[in-house]
Amino acid sequence: MHLVIIGNGITGVTAAITARRLAPAARITLVSAESAHHYSRPALMYLYLGHLRYADVKPYEDWFWAENRLELVHAEATGVDTAARTVQLATGPALAYDKLLLATGSVMRQPTWPGPQLAGVQGFIGLPDLERMSRDTQRIGRAVVVGGGLIGVELAEMLHSRGIHVTWLVREARYWQSVLPPAESALLAAHIRRHGIDFQENTELGEVLGDARGRVRAVRTTTGQELPAEWVGVATGVQPNLTLARAAGLATDRGILVDALLETSAPGVYAAGDCAQHRQPPPGEVAVEQLWYTGRMQGETVAHTLCGHPTVYRRGQWFNSAKFFNLEYQTYGRVPAQPVAGIASFCWQHPNGKHLLRLNFEESDQAVTGVNALGLRQRQDVWEGWLREKTPIGNVLAQLAAANFDPEFARQHEPAIRREFTRQFPTIAVGKPRRRGLLGLQLG
Ligand SMILES: Cc1cc2nc3c(=O)[nH]c(=O)nc-3n(C[C@H](O)[C@H](O)[C@H](O)COP(=O)(O)OP(=O)(O)OC[C@H]3O[C@@H](n4cnc5c(N)ncnc54)[C@H](O)[C@@H]3O)c2cc1C
């Protein structure tokens, strides 16, 4: 069997490595345009910050691929003939395949305002963006970042680390409002401002203004405010990369449409990771998952199917984590941005504005349904267990220390968290806190 995989991001590479394990005799070819070898995309910002070198963000040594008989082709795939089962490449001969996996990732959503083509205006998705940004932000004093999500905060932090004044424009009334409840947005906005970022909510970019040489010189908001800018970072979102899928005539919507086995509309052709859209996601789940860990899970699952063991993709508990400057964020389970009927939401904040814990639970049986933690590190295995077992909120609060990475924090603040819970929900009993022994083991 010849398995051809397009894209060497986390999805494609996980599929290739898993397939090698499951099908030792298969021929496996990984095609990718961006880089010769796989690197960690979420680590891109650390290259700019100077914390890591390129070699550090490659999880596998360069010899790993040949050693595992994974053939690498550093080229763009320009077309697929699904009847003849061949992939055309921009350079080099076409590749014949028995099974094909598209793991083509995301591309930047194209801005609709005038000026995105000016020099010094760019998004931040891959290595070419890092190179441009490193070159174009040398010796500049002022930059503007547009769009409020996770890439926006990364750009703000990167620019700030080089002493560049950052104005960050967010169209919505509050930070990351499609994902975070208001208290989390407010805490983060204050935190971002404390780092010296000029963070402006309710502010929409109208136009980017250029100079005579075609370089950005300023931005104008929709209310007419003009802000000088020598560089503009566009963080207004990504969308599935459909170029190859469309060229191949596959069914697409927002992403490449796939069934529960991650198979596309063409037999023998699969899609996974950021580029895929589930035709029938389970109720309440998203159809397009654009996360590192879901890419890895989809890559692993589809490899089983590709190797002759049909396996339905099941994501399991929702999980995400990020860093806002030095503030950690983790979420497990479901914590909607807006209140939901039947779900109660408890929120505790430290008076210093640097720690927040939100616990959501069913009003009917008090089973915990999700957690948001800011400025606290929670253990994934503990939370997955509590969510899976539908643990009552009173028991979760009693055992909270089991999920906390930092025993000092637990000792200091968990009594206050429990007191605050009893104040907000006086009719719900909180179990007796468990004692903890050496190494944080529960004693009883
Ligand atoms: C700056 C940044 C920070 C992020 N941080 C986080 C984070 O902290 N946590 C998190 O969960 N997620 C994060 N993400 C999202 C995460 O990186 C993606 O969800 C994940 O990388 C998707 O993996 P993938 O393998 O599906 O696609 P990608 O990593 O996008 O890889 C797809 C590859 O396919 C190649 N390709 C596409 N078309 C072709 C073609 N026709 N021919 C050849 N090659 C092609 C592309 O060049 C690309 O290299 C971040 C994303 C960015 C951009």
# chains A, B, ... in the order shown; residues from 1 in each chain; ligands from 1
>>> select_by_dssp(residues="range 212-424 of chain A", states="helix (DSSP H, G or I)", output="mmCIF file with N, CA, C and O atoms, in the first residue's frame")
data_model
loop_
_atom_site.group_PDB
_atom_site.id
_atom_site.type_symbol
_atom_site.label_atom_id
_atom_site.label_comp_id
_atom_site.auth_asym_id
_atom_site.auth_seq_id
_atom_site.Cartn_x
_atom_site.Cartn_y
_atom_site.Cartn_z
ATOM 1 N N THR A 243 -7.704 24.792 -0.789
ATOM 2 C CA THR A 243 -7.237 24.948 -2.168
ATOM 3 C C THR A 243 -7.122 23.585 -2.883
ATOM 4 O O THR A 243 -7.671 23.390 -3.968
ATOM 5 N N LEU A 244 -6.426 22.659 -2.238
ATOM 6 C CA LEU A 244 -6.194 21.373 -2.904
ATOM 7 C C LEU A 244 -7.493 20.554 -3.005
ATOM 8 O O LEU A 244 -7.764 19.917 -4.025
ATOM 9 N N ALA A 245 -8.293 20.607 -1.939
ATOM 10 C CA ALA A 245 -9.550 19.845 -1.934
ATOM 11 C C ALA A 245 -10.463 20.313 -3.059
ATOM 12 O O ALA A 245 -11.117 19.505 -3.729
ATOM 13 N N ARG A 246 -10.491 21.628 -3.249
ATOM 14 C CA ARG A 246 -11.344 22.157 -4.332
ATOM 15 C C ARG A 246 -10.794 21.731 -5.683
ATOM 16 O O ARG A 246 -11.555 21.350 -6.582
ATOM 17 N N ALA A 247 -9.460 21.788 -5.823
ATOM 18 C CA ALA A 247 -8.849 21.366 -7.104
ATOM 19 C C ALA A 247 -9.165 19.892 -7.382
ATOM 20 O O ALA A 247 -9.280 19.478 -8.529
ATOM 21 N N GLY A 273 -7.661 17.108 10.851
ATOM 22 C CA GLY A 273 -7.017 18.290 11.433
ATOM 23 C C GLY A 273 -7.770 19.561 11.093
ATOM 24 O O GLY A 273 -8.978 19.554 10.831
ATOM 25 N N ASP A 274 -7.048 20.676 11.083
ATOM 26 C CA ASP A 274 -7.654 21.998 10.883
ATOM 27 C C ASP A 274 -8.499 22.106 9.619
ATOM 28 O O ASP A 274 -9.425 22.902 9.551
ATOM 29 N N CYS A 275 -8.148 21.337 8.577
ATOM 30 C CA CYS A 275 -8.814 21.517 7.276
ATOM 31 C C CYS A 275 -10.151 20.776 7.192
ATOM 32 O O CYS A 275 -10.925 21.013 6.274
ATOM 33 N N TRP A 292 -4.264 22.073 18.313
ATOM 34 C CA TRP A 292 -3.120 21.182 18.227
ATOM 35 C C TRP A 292 -3.497 19.756 18.652
ATOM 36 O O TRP A 292 -3.269 18.785 17.944
ATOM 37 N N TYR A 293 -4.150 19.639 19.813
ATOM 38 C CA TYR A 293 -4.395 18.282 20.322
ATOM 39 C C TYR A 293 -5.472 17.561 19.519
ATOM 40 O O TYR A 293 -5.425 16.340 19.381
ATOM 41 N N THR A 294 -6.439 18.310 18.950
ATOM 42 C CA THR A 294 -7.445 17.621 18.135
ATOM 43 C C THR A 294 -6.821 17.179 16.804
ATOM 44 O O THR A 294 -7.185 16.134 16.261
ATOM 45 N N GLY A 295 -5.859 17.953 16.301
ATOM 46 C CA GLY A 295 -5.127 17.532 15.095
ATOM 47 C C GLY A 295 -4.409 16.218 15.358
ATOM 48 O O GLY A 295 -4.450 15.286 14.544
ATOM 49 N N ARG A 296 -3.759 16.144 16.530
ATOM 50 C CA ARG A 296 -3.033 14.923 16.876
ATOM 51 C C ARG A 296 -4.003 13.738 17.007
ATOM 52 O O ARG A 296 -3.757 12.648 16.492
ATOM 53 N N MET A 297 -5.145 13.972 17.657
ATOM 54 C CA MET A 297 -6.106 12.873 17.835
ATOM 55 C C MET A 297 -6.702 12.420 16.509
ATOM 56 O O MET A 297 -6.871 11.231 16.261
ATOM 57 N N GLN A 298 -7.019 13.398 15.653
ATOM 58 C CA GLN A 298 -7.585 13.027 14.345
ATOM 59 C C GLN A 298 -6.549 12.275 13.511
ATOM 60 O O GLN A 298 -6.874 11.312 12.821
ATOM 61 N N GLY A 299 -5.299 12.729 13.565
ATOM 62 C CA GLY A 299 -4.227 12.069 12.810
ATOM 63 C C GLY A 299 -4.068 10.622 13.259
ATOM 64 O O GLY A 299 -3.914 9.706 12.436
ATOM 65 N N GLU A 300 -4.113 10.418 14.569
ATOM 66 C CA GLU A 300 -3.940 9.068 15.103
ATOM 67 C C GLU A 300 -5.132 8.188 14.708
ATOM 68 O O GLU A 300 -4.975 7.043 14.278
ATOM 69 N N THR A 301 -6.335 8.744 14.826
ATOM 70 C CA THR A 301 -7.544 7.954 14.523
ATOM 71 C C THR A 301 -7.577 7.557 13.045
ATOM 72 O O THR A 301 -7.832 6.398 12.707
ATOM 73 N N VAL A 302 -7.324 8.545 12.170
ATOM 74 C CA VAL A 302 -7.458 8.248 10.739
ATOM 75 C C VAL A 302 -6.399 7.245 10.288
ATOM 76 O O VAL A 302 -6.631 6.455 9.365
ATOM 77 N N ALA A 303 -5.266 7.210 10.976
ATOM 78 C CA ALA A 303 -4.218 6.248 10.593
ATOM 79 C C ALA A 303 -4.737 4.817 10.753
ATOM 80 O O ALA A 303 -4.426 3.942 9.930
ATOM 81 N N HIS A 304 -5.532 4.577 11.806
ATOM 82 C CA HIS A 304 -6.088 3.231 11.988
ATOM 83 C C HIS A 304 -6.973 2.853 10.807
ATOM 84 O O HIS A 304 -6.887 1.755 10.263
ATOM 85 N N THR A 305 -7.820 3.792 10.403
ATOM 86 C CA THR A 305 -8.708 3.510 9.266
ATOM 87 C C THR A 305 -7.879 3.301 7.993
ATOM 88 O O THR A 305 -8.128 2.364 7.227
ATOM 89 N N LEU A 306 -6.887 4.155 7.789
ATOM 90 C CA LEU A 306 -6.058 4.045 6.586
ATOM 91 C C LEU A 306 -5.339 2.699 6.530
ATOM 92 O O LEU A 306 -5.049 2.184 5.457
ATOM 93 N N GLN A 380 -4.920 17.889 34.064
ATOM 94 C CA GLN A 380 -5.851 17.408 33.039
ATOM 95 C C GLN A 380 -6.458 16.056 33.427
ATOM 96 O O GLN A 380 -7.669 15.850 33.287
ATOM 97 N N ASP A 381 -5.640 15.136 33.943
ATOM 98 C CA ASP A 381 -6.165 13.790 34.236
ATOM 99 C C ASP A 381 -7.258 13.864 35.307
ATOM 100 O O ASP A 381 -8.281 13.182 35.209
ATOM 101 N N VAL A 382 -7.053 14.726 36.318
ATOM 102 C CA VAL A 382 -8.039 14.827 37.394
ATOM 103 C C VAL A 382 -9.342 15.395 36.837
ATOM 104 O O VAL A 382 -10.433 14.865 37.078
ATOM 105 N N TRP A 383 -9.228 16.456 36.034
ATOM 106 C CA TRP A 383 -10.434 17.072 35.483
ATOM 107 C C TRP A 383 -11.169 16.130 34.531
ATOM 108 O O TRP A 383 -12.393 16.066 34.522
ATOM 109 N N GLU A 384 -10.406 15.405 33.718
ATOM 110 C CA GLU A 384 -11.072 14.468 32.798
ATOM 111 C C GLU A 384 -11.887 13.443 33.577
ATOM 112 O O GLU A 384 -13.000 13.093 33.195
ATOM 113 N N GLY A 385 -11.333 12.970 34.690
ATOM 114 C CA GLY A 385 -12.040 11.998 35.535
ATOM 115 C C GLY A 385 -13.302 12.605 36.118
ATOM 116 O O GLY A 385 -14.387 12.000 36.052
ATOM 117 N N TRP A 386 -13.199 13.815 36.669
ATOM 118 C CA TRP A 386 -14.377 14.447 37.273
ATOM 119 C C TRP A 386 -15.484 14.656 36.242
ATOM 120 O O TRP A 386 -16.655 14.440 36.512
ATOM 121 N N LEU A 387 -15.089 15.083 35.046
ATOM 122 C CA LEU A 387 -16.100 15.356 34.010
ATOM 123 C C LEU A 387 -16.721 14.052 33.514
ATOM 124 O O LEU A 387 -17.942 13.967 33.350
ATOM 125 N N ARG A 388 -15.862 13.070 33.302
ATOM 126 C CA ARG A 388 -16.362 11.785 32.795
ATOM 127 C C ARG A 388 -17.346 11.171 33.788
ATOM 128 O O ARG A 388 -18.381 10.645 33.415
ATOM 129 N N ILE A 393 -20.636 18.936 42.171
ATOM 130 C CA ILE A 393 -19.807 20.112 42.428
ATOM 131 C C ILE A 393 -19.289 20.134 43.879
ATOM 132 O O ILE A 393 -18.152 20.532 44.131
ATOM 133 N N GLY A 394 -20.142 19.685 44.832
ATOM 134 C CA GLY A 394 -19.719 19.689 46.235
ATOM 135 C C GLY A 394 -18.480 18.809 46.441
ATOM 136 O O GLY A 394 -17.560 19.166 47.184
ATOM 137 N N ASN A 395 -18.445 17.672 45.766
ATOM 138 C CA ASN A 395 -17.278 16.775 45.885
ATOM 139 C C ASN A 395 -16.051 17.375 45.193
ATOM 140 O O ASN A 395 -14.932 17.249 45.671
ATOM 141 N N VAL A 396 -16.294 18.022 44.038
ATOM 142 C CA VAL A 396 -15.174 18.660 43.320
ATOM 143 C C VAL A 396 -14.527 19.707 44.221
ATOM 144 O O VAL A 396 -13.301 19.767 44.364
ATOM 145 N N LEU A 397 -15.363 20.517 44.861
ATOM 146 C CA LEU A 397 -14.811 21.567 45.726
ATOM 147 C C LEU A 397 -14.049 20.961 46.901
ATOM 148 O O LEU A 397 -12.996 21.466 47.295
ATOM 149 N N ALA A 398 -14.574 19.862 47.426
ATOM 150 C CA ALA A 398 -13.894 19.222 48.559
ATOM 151 C C ALA A 398 -12.514 18.705 48.146
ATOM 152 O O ALA A 398 -11.571 18.760 48.921
ATOM 153 N N LEU A 400 -10.655 19.795 45.533
ATOM 154 C CA LEU A 400 -10.019 20.707 44.569
ATOM 155 C C LEU A 400 -8.491 20.616 44.563
ATOM 156 O O LEU A 400 -7.855 20.731 43.519
ATOM 157 N N ALA A 401 -7.917 20.386 45.729
ATOM 158 C CA ALA A 401 -6.456 20.352 45.819
ATOM 159 C C ALA A 401 -5.868 19.261 44.926
ATOM 160 O O ALA A 401 -4.738 19.387 44.448
ATOM 161 N N ALA A 402 -6.649 18.193 44.651
ATOM 162 C CA ALA A 402 -6.133 17.097 43.823
ATOM 163 C C ALA A 402 -5.867 17.560 42.394
ATOM 164 O O ALA A 402 -5.053 16.980 41.679
ATOM 165 N N ALA A 403 -6.575 18.621 41.966
ATOM 166 C CA ALA A 403 -6.411 19.092 40.589
ATOM 167 C C ALA A 403 -5.389 20.210 40.475
ATOM 168 O O ALA A 403 -5.024 20.605 39.371
ATOM 169 N N PRO A 407 0.638 23.181 45.345
ATOM 170 C CA PRO A 407 0.099 22.936 46.692
ATOM 171 C C PRO A 407 0.063 24.209 47.538
ATOM 172 O O PRO A 407 -0.849 24.386 48.356
ATOM 173 N N GLU A 408 1.017 25.109 47.323
ATOM 174 C CA GLU A 408 1.060 26.352 48.109
ATOM 175 C C GLU A 408 -0.202 27.175 47.830
ATOM 176 O O GLU A 408 -0.860 27.686 48.731
ATOM 177 N N PHE A 409 -0.546 27.256 46.524
ATOM 178 C CA PHE A 409 -1.752 28.000 46.154
ATOM 179 C C PHE A 409 -2.980 27.332 46.764
ATOM 180 O O PHE A 409 -3.861 27.984 47.317
ATOM 181 N N ALA A 410 -3.021 25.989 46.661
ATOM 182 C CA ALA A 410 -4.182 25.254 47.180
ATOM 183 C C ALA A 410 -4.362 25.549 48.663
ATOM 184 O O ALA A 410 -5.459 25.861 49.121
ATOM 185 N N ARG A 411 -3.249 25.465 49.426
ATOM 186 C CA ARG A 411 -3.343 25.697 50.881
ATOM 187 C C ARG A 411 -3.879 27.099 51.165
ATOM 188 O O ARG A 411 -4.733 27.303 52.008
ATOM 189 N N GLN A 412 -3.372 28.074 50.405
ATOM 190 C CA GLN A 412 -3.720 29.471 50.703
ATOM 191 C C GLN A 412 -5.136 29.831 50.286
ATOM 192 O O GLN A 412 -5.809 30.581 50.973
ATOM 193 N N HIS A 413 -5.567 29.345 49.100
ATOM 194 C CA HIS A 413 -6.777 29.932 48.503
ATOM 195 C C HIS A 413 -7.993 29.014 48.444
ATOM 196 O O HIS A 413 -9.101 29.499 48.266
ATOM 197 N N GLU A 414 -7.801 27.722 48.570
ATOM 198 C CA GLU A 414 -8.972 26.865 48.418
ATOM 199 C C GLU A 414 -10.002 27.049 49.533
ATOM 200 O O GLU A 414 -11.206 27.011 49.243
ATOM 201 N N PRO A 415 -9.606 27.306 50.763
ATOM 202 C CA PRO A 415 -10.642 27.631 51.765
ATOM 203 C C PRO A 415 -11.466 28.849 51.340
ATOM 204 O O PRO A 415 -12.690 28.855 51.469
ATOM 205 N N ALA A 416 -10.808 29.856 50.778
ATOM 206 C CA ALA A 416 -11.528 31.063 50.330
ATOM 207 C C ALA A 416 -12.459 30.730 49.166
ATOM 208 O O ALA A 416 -13.577 31.256 49.076
ATOM 209 N N ILE A 417 -12.021 29.837 48.283
ATOM 210 C CA ILE A 417 -12.868 29.437 47.139
ATOM 211 C C ILE A 417 -14.126 28.736 47.663
ATOM 212 O O ILE A 417 -15.242 29.022 47.239
ATOM 213 N N ARG A 418 -13.937 27.844 48.634
ATOM 214 C CA ARG A 418 -15.100 27.113 49.177
ATOM 215 C C ARG A 418 -16.043 28.081 49.912
ATOM 216 O O ARG A 418 -17.257 27.970 49.794
ATOM 217 N N ARG A 419 -15.463 29.038 50.658
ATOM 218 C CA ARG A 419 -16.324 30.023 51.360
ATOM 219 C C ARG A 419 -17.143 30.820 50.352
ATOM 220 O O ARG A 419 -18.330 31.059 50.523
ATOM 221 N N GLU A 420 -16.469 31.225 49.269
ATOM 222 C CA GLU A 420 -17.163 32.021 48.251
ATOM 223 C C GLU A 420 -18.262 31.200 47.582
ATOM 224 O O GLU A 420 -19.345 31.712 47.283
ATOM 225 N N PHE A 421 -17.999 29.913 47.377
ATOM 226 C CA PHE A 421 -19.032 29.061 46.776
ATOM 227 C C PHE A 421 -20.262 29.005 47.695
ATOM 228 O O PHE A 421 -21.397 29.149 47.240
ATOM 229 N N THR A 422 -20.031 28.822 48.987
ATOM 230 C CA THR A 422 -21.153 28.723 49.936
ATOM 231 C C THR A 422 -21.919 30.041 49.991
ATOM 232 O O THR A 422 -23.135 30.058 50.170
ATOM 233 N N ARG A 423 -21.196 31.141 49.795
ATOM 234 C CA ARG A 423 -21.880 32.448 49.771
ATOM 235 C C ARG A 423 -22.781 32.543 48.525
ATOM 236 O O ARG A 423 -23.925 32.970 48.610
ATOM 237 N N GLN A 424 -22.247 32.085 47.357
ATOM 238 C CA GLN A 424 -23.027 32.201 46.117
ATOM 239 C C GLN A 424 -24.116 31.124 46.002
ATOM 240 O O GLN A 424 -25.146 31.360 45.399
#
>>> residues_near_ligand(ligand="ligand 1", cutoff="8 Å", atoms="only C-alpha atoms and all ligand atoms", output="ChimeraX atom specification")
/A:6-13,31-35,38,40-45,74-79,89,103-107,124-126,150-151,154,241,243-244,272-275,289-296,320-323
>>> atom_distance(atom1="CA of Ala229 in chain A", atom2="CA of Ser161 in chain A")
17.0 Å
>>> select_by_dssp(residues="range 79-248 of chain A", states="strand (DSSP E or B)", output="ChimeraX atom specification")
/A:79-81,86-89,95-96,99-102,106-108,119,121-122,142-146,165-169,198-200,205-210,215-221,226-228,231-234,238-240
>>> closest_residue(among="A:Arg220, A:His278, A:His165, A:Arg69", to="Ile28 in chain A", atoms="only C-alpha atoms")
A:Arg69
>>> closest_residue(among="A:Ala276, A:Ala190, A:Leu327, A:Leu356", to="Leu261 in chain A", atoms="only C-alpha atoms")
A:Ala276
